[in-house]
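Peer 1: Okay, so here is data-v5.cif, and as you'll see once you scroll down, it has mmCIF, N, CA and C atoms.
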```
data_data
loop_
_atom_site.label_atom_id
_atom_site.label_comp_id
_atom_site.auth_asym_id
_atom_site.auth_seq_id
_atom_site.Cartn_x
_atom_site.Cartn_y
_atom_site.Cartn_z
N MET A 1 34.76 33.08 -13.44
CA MET A 1 35.44 33.87 -12.42
C MET A 1 34.40 34.24 -11.36
N PRO A 2 34.71 34.07 -10.09
CA PRO A 2 33.75 34.37 -9.02
C PRO A 2 33.54 35.88 -8.89
N PHE A 3 32.37 36.22 -8.40
CA PHE A 3 32.02 37.63 -8.18
C PHE A 3 32.94 38.23 -7.12
N VAL A 4 33.47 39.40 -7.41
CA VAL A 4 34.33 40.11 -6.47
C VAL A 4 33.51 41.21 -5.82
N HIS A 5 33.43 41.20 -4.51
CA HIS A 5 32.65 42.20 -3.79
C HIS A 5 33.18 43.60 -4.11
N PRO A 6 32.29 44.59 -4.36
CA PRO A 6 32.74 45.91 -4.78
C PRO A 6 33.64 46.62 -3.77
N PHE A 7 33.57 46.27 -2.50
CA PHE A 7 34.37 46.96 -1.50
C PHE A 7 35.75 46.34 -1.31
N GLU A 8 35.97 45.22 -1.98
CA GLU A 8 37.29 44.61 -1.92
C GLU A 8 38.17 45.25 -2.97
N GLU A 9 39.45 45.28 -2.73
CA GLU A 9 40.37 45.82 -3.73
C GLU A 9 40.40 44.86 -4.91
N ILE A 10 40.18 45.40 -6.10
CA ILE A 10 40.14 44.58 -7.30
C ILE A 10 41.47 44.71 -8.02
N LYS A 11 42.13 43.58 -8.18
CA LYS A 11 43.40 43.56 -8.90
C LYS A 11 43.24 42.60 -10.07
N MET A 12 42.61 43.11 -11.13
CA MET A 12 42.39 42.32 -12.33
C MET A 12 42.98 43.08 -13.50
N SER A 13 43.27 42.37 -14.53
CA SER A 13 43.69 43.05 -15.76
C SER A 13 42.48 43.78 -16.32
N GLN A 14 42.72 44.75 -17.17
CA GLN A 14 41.62 45.51 -17.76
C GLN A 14 40.68 44.58 -18.53
N THR A 15 41.23 43.63 -19.26
CA THR A 15 40.42 42.69 -20.04
C THR A 15 39.58 41.82 -19.12
N ALA A 16 40.19 41.29 -18.06
CA ALA A 16 39.45 40.44 -17.12
C ALA A 16 38.34 41.22 -16.44
N LEU A 17 38.61 42.46 -16.10
CA LEU A 17 37.61 43.30 -15.45
C LEU A 17 36.43 43.55 -16.39
N LYS A 18 36.71 43.87 -17.64
CA LYS A 18 35.64 44.09 -18.62
C LYS A 18 34.85 42.81 -18.86
N ASP A 19 35.54 41.68 -18.92
CA ASP A 19 34.84 40.40 -19.11
C ASP A 19 33.89 40.13 -17.95
N GLU A 20 34.35 40.43 -16.73
CA GLU A 20 33.51 40.22 -15.54
C GLU A 20 32.28 41.13 -15.59
N ILE A 21 32.47 42.36 -15.99
CA ILE A 21 31.36 43.30 -16.10
C ILE A 21 30.34 42.79 -17.11
N VAL A 22 30.80 42.33 -18.26
CA VAL A 22 29.90 41.81 -19.29
C VAL A 22 29.13 40.60 -18.77
N ARG A 23 29.81 39.69 -18.08
CA ARG A 23 29.12 38.52 -17.51
C ARG A 23 28.03 38.95 -16.53
N GLU A 24 28.35 39.91 -15.68
CA GLU A 24 27.36 40.37 -14.70
C GLU A 24 26.16 41.02 -15.39
N ILE A 25 26.42 41.83 -16.40
CA ILE A 25 25.32 42.50 -17.11
C ILE A 25 24.44 41.48 -17.81
N LYS A 26 25.05 40.48 -18.44
CA LYS A 26 24.27 39.46 -19.15
C LYS A 26 23.33 38.70 -18.21
N SER A 27 23.69 38.61 -16.94
CA SER A 27 22.85 37.86 -16.00
C SER A 27 21.69 38.70 -15.45
N LEU A 28 21.65 39.99 -15.76
CA LEU A 28 20.62 40.87 -15.21
C LEU A 28 19.35 40.85 -16.06
N PRO A 29 18.20 41.07 -15.43
CA PRO A 29 16.97 41.29 -16.21
C PRO A 29 17.13 42.58 -17.02
N ALA A 30 16.36 42.70 -18.08
CA ALA A 30 16.49 43.85 -19.00
C ALA A 30 16.38 45.20 -18.29
N ALA A 31 15.46 45.32 -17.35
CA ALA A 31 15.28 46.61 -16.67
C ALA A 31 16.53 47.00 -15.88
N GLN A 32 17.15 46.04 -15.23
CA GLN A 32 18.36 46.33 -14.47
C GLN A 32 19.55 46.59 -15.41
N ALA A 33 19.59 45.89 -16.52
CA ALA A 33 20.66 46.13 -17.50
C ALA A 33 20.54 47.55 -18.05
N LYS A 34 19.31 48.03 -18.25
CA LYS A 34 19.08 49.41 -18.70
C LYS A 34 19.60 50.39 -17.65
N GLU A 35 19.39 50.10 -16.38
CA GLU A 35 19.91 50.97 -15.32
C GLU A 35 21.44 51.03 -15.37
N VAL A 36 22.07 49.89 -15.62
CA VAL A 36 23.53 49.85 -15.72
C VAL A 36 23.97 50.69 -16.91
N LEU A 37 23.27 50.56 -18.03
CA LEU A 37 23.61 51.35 -19.21
C LEU A 37 23.46 52.84 -18.94
N ASP A 38 22.39 53.23 -18.24
CA ASP A 38 22.20 54.64 -17.87
C ASP A 38 23.35 55.12 -16.98
N PHE A 39 23.77 54.26 -16.05
CA PHE A 39 24.88 54.63 -15.17
C PHE A 39 26.18 54.79 -15.95
N ILE A 40 26.42 53.89 -16.90
CA ILE A 40 27.62 53.98 -17.73
C ILE A 40 27.61 55.30 -18.50
N CYS A 41 26.46 55.66 -19.03
CA CYS A 41 26.34 56.94 -19.74
C CYS A 41 26.68 58.09 -18.80
N PHE A 42 26.16 58.04 -17.59
CA PHE A 42 26.45 59.08 -16.61
C PHE A 42 27.95 59.16 -16.32
N VAL A 43 28.58 58.01 -16.11
CA VAL A 43 30.02 57.99 -15.80
C VAL A 43 30.82 58.57 -16.96
N LYS A 44 30.45 58.20 -18.19
CA LYS A 44 31.17 58.70 -19.35
C LYS A 44 31.04 60.22 -19.52
N HIS A 45 29.91 60.76 -19.08
CA HIS A 45 29.63 62.17 -19.33
C HIS A 45 29.50 63.00 -18.05
N LYS A 46 30.00 62.48 -16.93
CA LYS A 46 29.78 63.16 -15.66
C LYS A 46 30.39 64.55 -15.60
N GLU A 47 31.51 64.77 -16.27
CA GLU A 47 32.11 66.11 -16.24
C GLU A 47 31.18 67.13 -16.90
N THR A 48 30.64 66.77 -18.05
CA THR A 48 29.71 67.67 -18.73
C THR A 48 28.42 67.81 -17.94
N LEU A 49 27.91 66.67 -17.47
CA LEU A 49 26.64 66.69 -16.74
C LEU A 49 26.73 67.51 -15.46
N SER A 50 27.89 67.54 -14.83
CA SER A 50 28.03 68.28 -13.58
C SER A 50 27.92 69.78 -13.81
N ARG A 51 28.10 70.23 -15.05
CA ARG A 51 28.00 71.66 -15.35
C ARG A 51 26.58 72.07 -15.73
N ILE A 52 25.67 71.11 -15.85
CA ILE A 52 24.28 71.40 -16.24
C ILE A 52 23.45 71.59 -14.99
N ASP A 53 22.70 72.68 -14.96
CA ASP A 53 21.76 72.93 -13.86
C ASP A 53 20.76 71.78 -13.85
N PRO A 54 20.61 71.07 -12.74
CA PRO A 54 19.70 69.92 -12.70
C PRO A 54 18.26 70.25 -13.12
N THR A 55 17.84 71.49 -12.88
CA THR A 55 16.48 71.87 -13.28
C THR A 55 16.35 72.02 -14.79
N GLN A 56 17.49 72.06 -15.50
CA GLN A 56 17.48 72.22 -16.95
C GLN A 56 17.91 70.94 -17.68
N ALA A 57 18.17 69.88 -16.95
CA ALA A 57 18.71 68.66 -17.52
C ALA A 57 17.82 68.05 -18.60
N TYR A 58 16.50 68.19 -18.48
CA TYR A 58 15.58 67.60 -19.46
C TYR A 58 15.89 68.11 -20.87
N PHE A 59 16.34 69.36 -20.96
CA PHE A 59 16.59 69.96 -22.26
C PHE A 59 17.83 69.40 -22.95
N TYR A 60 18.54 68.51 -22.29
CA TYR A 60 19.71 67.86 -22.87
C TYR A 60 19.44 66.39 -23.21
N THR A 61 18.21 65.94 -23.01
CA THR A 61 17.88 64.54 -23.28
C THR A 61 17.70 64.31 -24.77
N PRO A 62 17.94 63.07 -25.24
CA PRO A 62 17.73 62.77 -26.66
C PRO A 62 16.29 63.05 -27.10
N LYS A 63 15.32 62.78 -26.22
CA LYS A 63 13.92 63.01 -26.58
C LYS A 63 13.68 64.50 -26.86
N TRP A 64 14.20 65.37 -26.00
CA TRP A 64 14.02 66.81 -26.19
C TRP A 64 14.73 67.27 -27.46
N LYS A 65 15.96 66.81 -27.66
CA LYS A 65 16.71 67.22 -28.84
C LYS A 65 16.01 66.78 -30.13
N LYS A 66 15.44 65.59 -30.12
CA LYS A 66 14.70 65.08 -31.28
C LYS A 66 13.49 65.96 -31.56
N SER A 67 12.77 66.35 -30.51
CA SER A 67 11.61 67.22 -30.67
C SER A 67 12.02 68.60 -31.20
N GLU A 68 13.14 69.11 -30.73
CA GLU A 68 13.64 70.41 -31.20
C GLU A 68 13.98 70.35 -32.69
N LEU A 69 14.62 69.27 -33.12
CA LEU A 69 14.94 69.12 -34.54
C LEU A 69 13.68 69.04 -35.39
N ALA A 70 12.68 68.31 -34.89
CA ALA A 70 11.41 68.21 -35.61
C ALA A 70 10.74 69.58 -35.70
N ALA A 71 10.78 70.35 -34.62
CA ALA A 71 10.18 71.69 -34.62
C ALA A 71 10.90 72.60 -35.62
N GLU A 72 12.23 72.52 -35.66
CA GLU A 72 12.99 73.33 -36.62
C GLU A 72 12.60 72.98 -38.05
N LYS A 73 12.43 71.70 -38.34
CA LYS A 73 12.01 71.28 -39.69
C LYS A 73 10.62 71.81 -40.00
N ASP A 74 9.70 71.75 -39.02
CA ASP A 74 8.35 72.27 -39.21
C ASP A 74 8.37 73.77 -39.49
N ILE A 75 9.20 74.50 -38.76
CA ILE A 75 9.30 75.94 -38.96
C ILE A 75 9.81 76.24 -40.37
N LYS A 76 10.88 75.56 -40.79
CA LYS A 76 11.45 75.79 -42.12
C LYS A 76 10.46 75.43 -43.23
N ALA A 77 9.61 74.41 -42.99
CA ALA A 77 8.64 73.97 -43.99
C ALA A 77 7.34 74.77 -43.92
N GLY A 78 7.23 75.69 -42.96
CA GLY A 78 6.02 76.51 -42.85
C GLY A 78 4.86 75.81 -42.18
N ARG A 79 5.15 74.73 -41.47
CA ARG A 79 4.09 73.98 -40.79
C ARG A 79 3.91 74.49 -39.35
N VAL A 80 3.79 75.79 -39.21
CA VAL A 80 3.59 76.39 -37.89
C VAL A 80 2.51 77.45 -37.99
N SER A 81 2.02 77.86 -36.86
CA SER A 81 1.00 78.91 -36.83
C SER A 81 1.24 79.76 -35.59
N GLU A 82 0.50 80.82 -35.50
CA GLU A 82 0.59 81.69 -34.33
C GLU A 82 0.03 80.96 -33.11
N PRO A 83 0.38 81.40 -31.90
CA PRO A 83 -0.19 80.78 -30.70
C PRO A 83 -1.71 80.95 -30.68
N TYR A 84 -2.37 80.02 -30.03
CA TYR A 84 -3.82 80.03 -29.94
C TYR A 84 -4.27 80.47 -28.56
N THR A 85 -5.42 81.12 -28.51
CA THR A 85 -6.06 81.43 -27.22
C THR A 85 -7.27 80.52 -27.10
N ALA A 86 -7.93 80.61 -26.00
CA ALA A 86 -9.13 79.78 -25.78
C ALA A 86 -10.23 80.10 -26.79
N TYR A 87 -10.17 81.29 -27.40
CA TYR A 87 -11.20 81.71 -28.35
C TYR A 87 -10.85 81.36 -29.79
N ASP A 88 -9.71 80.74 -30.01
CA ASP A 88 -9.23 80.45 -31.36
C ASP A 88 -9.49 79.01 -31.81
N THR A 89 -10.49 78.37 -31.28
CA THR A 89 -10.68 76.95 -31.59
C THR A 89 -10.95 76.71 -33.08
N ASP A 90 -11.69 77.60 -33.73
CA ASP A 90 -11.96 77.42 -35.16
C ASP A 90 -10.66 77.46 -35.96
N ARG A 91 -9.79 78.43 -35.64
CA ARG A 91 -8.51 78.55 -36.34
C ARG A 91 -7.61 77.34 -36.03
N LEU A 92 -7.65 76.88 -34.78
CA LEU A 92 -6.85 75.71 -34.40
C LEU A 92 -7.25 74.50 -35.22
N PHE A 93 -8.57 74.22 -35.32
CA PHE A 93 -9.01 73.05 -36.07
C PHE A 93 -8.75 73.20 -37.57
N ALA A 94 -8.84 74.41 -38.09
CA ALA A 94 -8.51 74.64 -39.51
C ALA A 94 -7.03 74.35 -39.75
N ASP A 95 -6.18 74.81 -38.84
CA ASP A 95 -4.74 74.54 -38.98
C ASP A 95 -4.42 73.05 -38.83
N LEU A 96 -5.13 72.36 -37.95
CA LEU A 96 -4.93 70.91 -37.81
C LEU A 96 -5.25 70.21 -39.13
N LYS A 97 -6.35 70.62 -39.78
CA LYS A 97 -6.73 70.01 -41.05
C LYS A 97 -5.69 70.29 -42.13
N LYS A 98 -5.07 71.46 -42.08
CA LYS A 98 -4.04 71.82 -43.07
C LYS A 98 -2.70 71.17 -42.77
N GLY A 99 -2.57 70.56 -41.60
CA GLY A 99 -1.31 69.92 -41.24
C GLY A 99 -0.31 70.87 -40.58
N LYS A 100 -0.78 72.07 -40.20
CA LYS A 100 0.12 73.03 -39.57
C LYS A 100 0.35 72.69 -38.09
N ARG A 101 -0.55 71.93 -37.52
CA ARG A 101 -0.41 71.48 -36.14
C ARG A 101 -0.66 69.99 -36.11
N LYS A 102 0.00 69.32 -35.18
CA LYS A 102 -0.21 67.89 -35.01
C LYS A 102 -1.03 67.68 -33.75
N ALA A 103 -2.11 66.99 -33.86
CA ALA A 103 -2.97 66.72 -32.70
C ALA A 103 -2.19 65.94 -31.66
N GLY A 104 -2.34 66.32 -30.41
CA GLY A 104 -1.69 65.60 -29.32
C GLY A 104 -0.25 65.94 -29.13
N LYS A 105 0.27 66.93 -29.79
CA LYS A 105 1.70 67.30 -29.64
C LYS A 105 1.80 68.66 -29.03
#
```
Please rewrite the model in this file as structure tokens.
Peer 2:
Amino acid sequence: MPFVHPFEEIKMSQTALKDEIVREIKSLPAAQAKEVLDFICFVKHKETLSRIDPTQAYFYTPKWKKSELAAEKDIKAGRVSEPYTAYDTDRLFADLKKGKRKAGK
């Protein structure tokens, strides 16, 4: 099926339209296909996303949620410590050795 310009009125069946979308995506390089997938995610969730303050959007990402779950598990398991100051380096390294802190996190 030939490519239909986006500004033309599209009169295709739902199945034909989905088939055309799949064909177009398959022809894209991986990076562009990822952009399409990100856009699809946005379209599916735009109502919810429109209610999120853009400055707070990072806190709704899978990466942030995964880190929050890991932190909750660490807290429940007692793998946490009090905040450190610049003068607490000895305590920080002792806690790192005990596994209470993860280096680089």
Peer 1: Within segment 55-92 of chain A, find each residue whose DSSP state, derived from the backbone, is helix (DSSP H, G or I), and express the selection as a ChimeraX atom specification.
Peer 2: /A:55-60,62-77,89-92
Peer 1: What would the selection look like, as a ChimeraX atom specification, if the PyMOL selection byres ((chain A and resi 77-80) around 8) were run on the coordinates I just shared?
Peer 2: /A:71-76,81-83,95,98-102
Peer 1: Quick one: distance from atom CA of Lys34 of chain A to atom CA of Ile21 of chain A in Å, one decimal?
Peer 2: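 Taking atom CA of Lys34 of chain A as the start and atom CA of Ile21 of chain A as the end point, the length is 14.0 Å.
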Peer 1: Please, what distance in Å, to one decimal, runs between atom C of Ser13 of chain A and atom N of Glu47 of chain A?
Peer 2: 23.7 Å
Peer 1: How many Å lie between atom CA of Val36 of chain A and atom C of Glu24 of chain A, rounded to one decimal?
Peer 2: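 Going from atom CA of Val36 of chain A over to atom C of Glu24 of chain A covers 9.2 Å.
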